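Novice: So here's model35.txt, just compact mmCIF, C-alpha atoms:
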# COMPACT_ATOMS: atom_id res chain seq x y z
CA MET W 1 14.38 -13.71 13.99
CA ALA W 2 11.17 -15.52 13.10
CA ASP W 3 9.79 -14.99 9.61
CA ASP W 4 6.69 -13.13 10.88
CA GLU W 5 8.84 -10.74 12.91
CA LYS W 6 11.18 -10.17 9.96
CA ILE W 7 8.22 -9.35 7.70
CA ARG W 8 6.77 -7.07 10.39
CA GLN W 9 10.07 -5.16 10.62
CA GLN W 10 10.31 -4.81 6.83
CA ALA W 11 6.70 -3.62 6.60
CA LYS W 12 7.29 -1.16 9.45
CA ALA W 13 10.34 0.28 7.68
CA PHE W 14 8.35 0.66 4.45
CA VAL W 15 5.42 2.36 6.21
CA GLU W 16 7.88 4.79 7.81
CA LYS W 17 9.39 5.55 4.36
CA LEU W 18 5.90 6.03 2.97
CA GLY W 19 5.36 8.88 5.44
CA GLY W 20 8.44 10.63 4.02
CA VAL W 21 7.12 10.88 0.46
CA PRO W 22 5.81 14.43 -0.13
CA ARG W 23 2.13 14.47 -1.14
CA ALA W 24 2.97 16.15 -4.43
CA ASN W 25 5.38 13.33 -5.32
CA TRP W 26 2.74 10.59 -5.70
CA THR W 27 1.65 9.52 -9.17
CA PHE W 28 -0.79 6.91 -10.40
CA LYS W 29 0.51 4.41 -12.89
CA LYS W 30 -0.58 5.80 -16.25
CA GLY W 31 -4.14 4.88 -17.11
CA HIS W 32 -5.06 3.55 -13.68
CA TYR W 33 -6.40 6.60 -11.83
CA LYS W 34 -10.09 6.92 -12.78
CA GLN W 35 -10.69 3.25 -13.42
CA GLU W 36 -9.19 2.23 -10.08
CA LEU W 37 -10.83 4.68 -7.69
CA THR W 38 -14.33 4.25 -9.08
CA THR W 39 -14.41 0.59 -8.04
CA ILE W 40 -14.36 1.40 -4.32
CA SER W 41 -18.04 1.57 -3.46
CA ASN W 42 -19.33 4.04 -0.88
CA ALA W 43 -16.15 6.09 -1.16
CA ALA W 44 -16.13 9.24 -3.24
CA LEU W 45 -12.38 9.21 -3.64
CA THR W 46 -10.53 11.88 -5.50
CA ARG W 47 -6.86 11.58 -6.34
CA GLY W 48 -6.04 13.79 -3.35
CA LEU W 49 -8.16 11.78 -0.91
CA ALA W 50 -6.63 8.54 -2.17
CA ILE W 51 -3.15 9.93 -1.53
CA GLU W 52 -4.23 11.02 1.97
CA GLU W 53 -5.31 7.42 2.64
CA LEU W 54 -1.75 6.27 1.93
CA TYR W 55 -0.53 8.19 4.97
CA LYS W 56 -3.00 6.27 7.14
CA ILE W 57 -1.54 2.88 6.23
CA GLN W 58 -0.41 0.90 9.26
CA VAL W 59 1.81 -2.18 9.52
CA GLU W 60 -1.32 -4.24 10.23
CA ASP W 61 -2.69 -3.26 6.80
CA PHE W 62 0.16 -5.21 5.16
CA LYS W 63 -0.89 -7.83 2.61
CA ALA W 64 2.36 -8.74 0.80
CA GLY W 65 5.81 -7.51 -0.08
CA PRO W 66 8.36 -6.70 -0.93
CA LYS W 67 7.79 -8.14 -4.38
CA PRO W 68 9.81 -7.42 -7.53
CA ASP W 69 8.42 -4.68 -9.75
CA HIS W 70 8.15 -6.50 -13.07
CA HIS W 71 8.35 -3.21 -14.98
CA ASP W 72 11.41 -1.93 -13.08
CA PRO W 73 13.46 -4.71 -11.44
CA ALA W 74 15.54 -2.17 -9.49
CA HIS W 75 12.50 -1.48 -7.29
CA GLU W 76 9.98 -3.39 -5.19
CA VAL W 77 6.23 -3.12 -4.77
CA TRP W 78 4.21 -3.52 -1.59
CA GLU W 79 0.57 -4.47 -1.16
CA PHE W 80 -1.81 -3.29 1.55
CA GLY W 81 -5.52 -3.28 2.28
CA ARG W 82 -7.62 -0.65 4.06
CA VAL W 83 -11.27 -0.07 4.77
CA ILE W 84 -12.25 3.27 3.24
CA GLY W 85 -15.79 4.59 3.52
CA GLY W 86 -17.01 1.18 4.63
CA SER W 87 -15.43 -0.70 1.71
CA GLU W 88 -12.17 -2.59 1.55
CA ALA W 89 -9.50 -1.27 -0.82
CA TYR W 90 -6.51 -3.09 -2.30
CA ILE W 91 -3.48 -0.80 -2.57
CA LYS W 92 -0.26 -1.63 -4.43
CA ILE W 93 2.52 0.97 -4.22
CA LYS W 94 6.22 1.51 -4.55
CA ILE W 95 8.65 4.18 -3.43
CA VAL W 96 11.51 5.26 -5.66
CA GLU W 97 14.49 6.79 -3.89
CA GLN W 98 17.36 8.48 -5.69
CA GLU W 99 20.28 10.07 -3.95
CA GLY W 100 19.94 13.83 -3.65
CA LYS W 101 16.25 13.82 -4.62
CA GLU W 102 12.98 13.63 -2.74
CA PRO W 103 11.40 10.17 -2.75
CA GLN W 104 8.73 9.51 -5.39
CA GLY W 105 5.70 7.30 -4.86
CA VAL W 106 3.92 5.28 -7.54
CA ILE W 107 0.41 3.94 -7.02
CA TRP W 108 0.03 0.80 -9.12
CA SER W 109 -3.37 -0.21 -7.79
CA PHE W 110 -6.02 1.38 -5.61
CA HIS W 111 -9.35 -0.43 -6.02
CA ALA W 112 -11.81 -2.88 -4.54
CA PRO W 113 -10.07 -6.25 -4.09
CA GLN W 114 -10.75 -8.98 -6.61
CA TYR W 115 -10.26 -11.61 -3.87
CA PRO W 116 -10.50 -11.48 -0.08
CA ILE W 117 -7.41 -9.83 1.39
CA ARG W 118 -5.48 -11.80 3.99
CA TYR W 119 -3.66 -9.61 6.52
CA PRO W 120 -0.83 -11.72 7.93
CA LEU W 121 0.29 -9.08 10.46
CA LYS W 122 -3.08 -8.26 12.03
CA SER W 123 -3.25 -9.46 15.60
CA LYS W 124 -5.41 -12.49 16.10
CA ARG W 125 -7.38 -11.66 19.23
CA LYS W 126 -9.59 -14.30 20.73
CA LYS W 127 -13.15 -13.27 21.46
CA LYS W 128 -14.25 -13.64 25.07
CA ILE W 129 -17.46 -15.58 25.52
Would you mind giving the structure from this file in structure tokens?

Specialist:
Amino acid sequence: MADDEKIRQQAKAFVEKLGGVPRANWTFKKGHYKQELTTISNAALTRGLAIEELYKIQVEDFKAGPKPDHHDPAHEVWEFGRVIGGSEAYIKIKIVEQEGKEPQGVIWSFHAPQYPIRYPLKSKRKKKI
């Protein structure tokens, strides 16, 4: 399997898992909530609206991952980008699964990107002239 296809399959599996995290089970990394959401211009995002945006993530929104979580090496983080209210948002999340418990989601970052986001899985369509 080519590297791009392997990454696409991993990202697809993660996006499917993301849909299985109950809305009430998402938390923002301590101290990040207000500071992060206020940097997305043109988007009056509340915590609830930000969580709703997570369920709209598609495989094509993939930026990078899985990457080691430096604070918890047993888990991985994933990075995505989305346009919300006309502005691009950088989203870094992880899902924690424990046997016999509902999955938990942690939002590490949800803010305007510091650098342009490259989307390696977006289709590269040629424009017709």

Novice: Counting all atoms listed in the file, which residue out of W:Ile57, W:Val83, W:Leu121, W:Val106 sits closest to W:Arg8?

Specialist: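 Ranking W:Ile57, W:Val83, W:Leu121, W:Val106 by distance to W:Arg8, first place goes to W:Leu121.
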
Novice: Just checking: using all atoms listed in the file, which residue out of W:Pro113, W:Pro73, W:Gly105, W:Pro66 ends up closest to W:Lys6?

Specialist: W:Pro66

Novice: Restricting the calculation to only C-alpha atoms, which member of W:Pro120, W:Pro68, W:Gly81, W:Gly100 is positioned closest to W:Glu53?

Specialist: W:Gly81

Novice: Using only C-alpha atoms, pick whichever of W:Glu88, W:Thr46, W:Pro103, W:Ser123 has the shortest atom-to-atom distance to W:Leu18.

Specialist: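 Looking at the shortest contact to W:Leu18, the residue is W:Pro103.
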
Novice: Go through W:His70, W:Lys17, W:Arg118, W:Arg82 and flag the residue nearest W:Ala50, using only C-alpha atoms for the distances.

Specialist: W:Arg82

Novice: Between atom CA of W:Val77 and atom CA of W:Ile95, what is the distance, to one decimal in Å?

Specialist: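 Pair atom CA of W:Val77 / atom CA of W:Ile95 returns 7.8 Å.
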
Novice: If you count all atoms listed in the file, which residues fall within 12 Å of W:Ile93, apart from same-chain ones fewer than 2 positions away, as a PyMOL selection string?

Specialist: chain W and resi 14-15+17-18+21+26-29+51+54+57+62-69+75-81+90-91+95-96+104-110

Novice: Take atom CA of W:Ala11 and atom CA of W:Gly48 and report the distance between them in Å, one decimal.

Specialist: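 Between atom CA of W:Ala11 and atom CA of W:Gly48 the gap is 23.8 Å.
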
Novice: Please, what distance in Å, to one decimal, runs between atom CA of W:Glu5 and atom CA of W:Arg23?

Specialist: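 Computing the Euclidean distance for atom CA of W:Glu5 and atom CA of W:Arg23 yields 29.6 Å.
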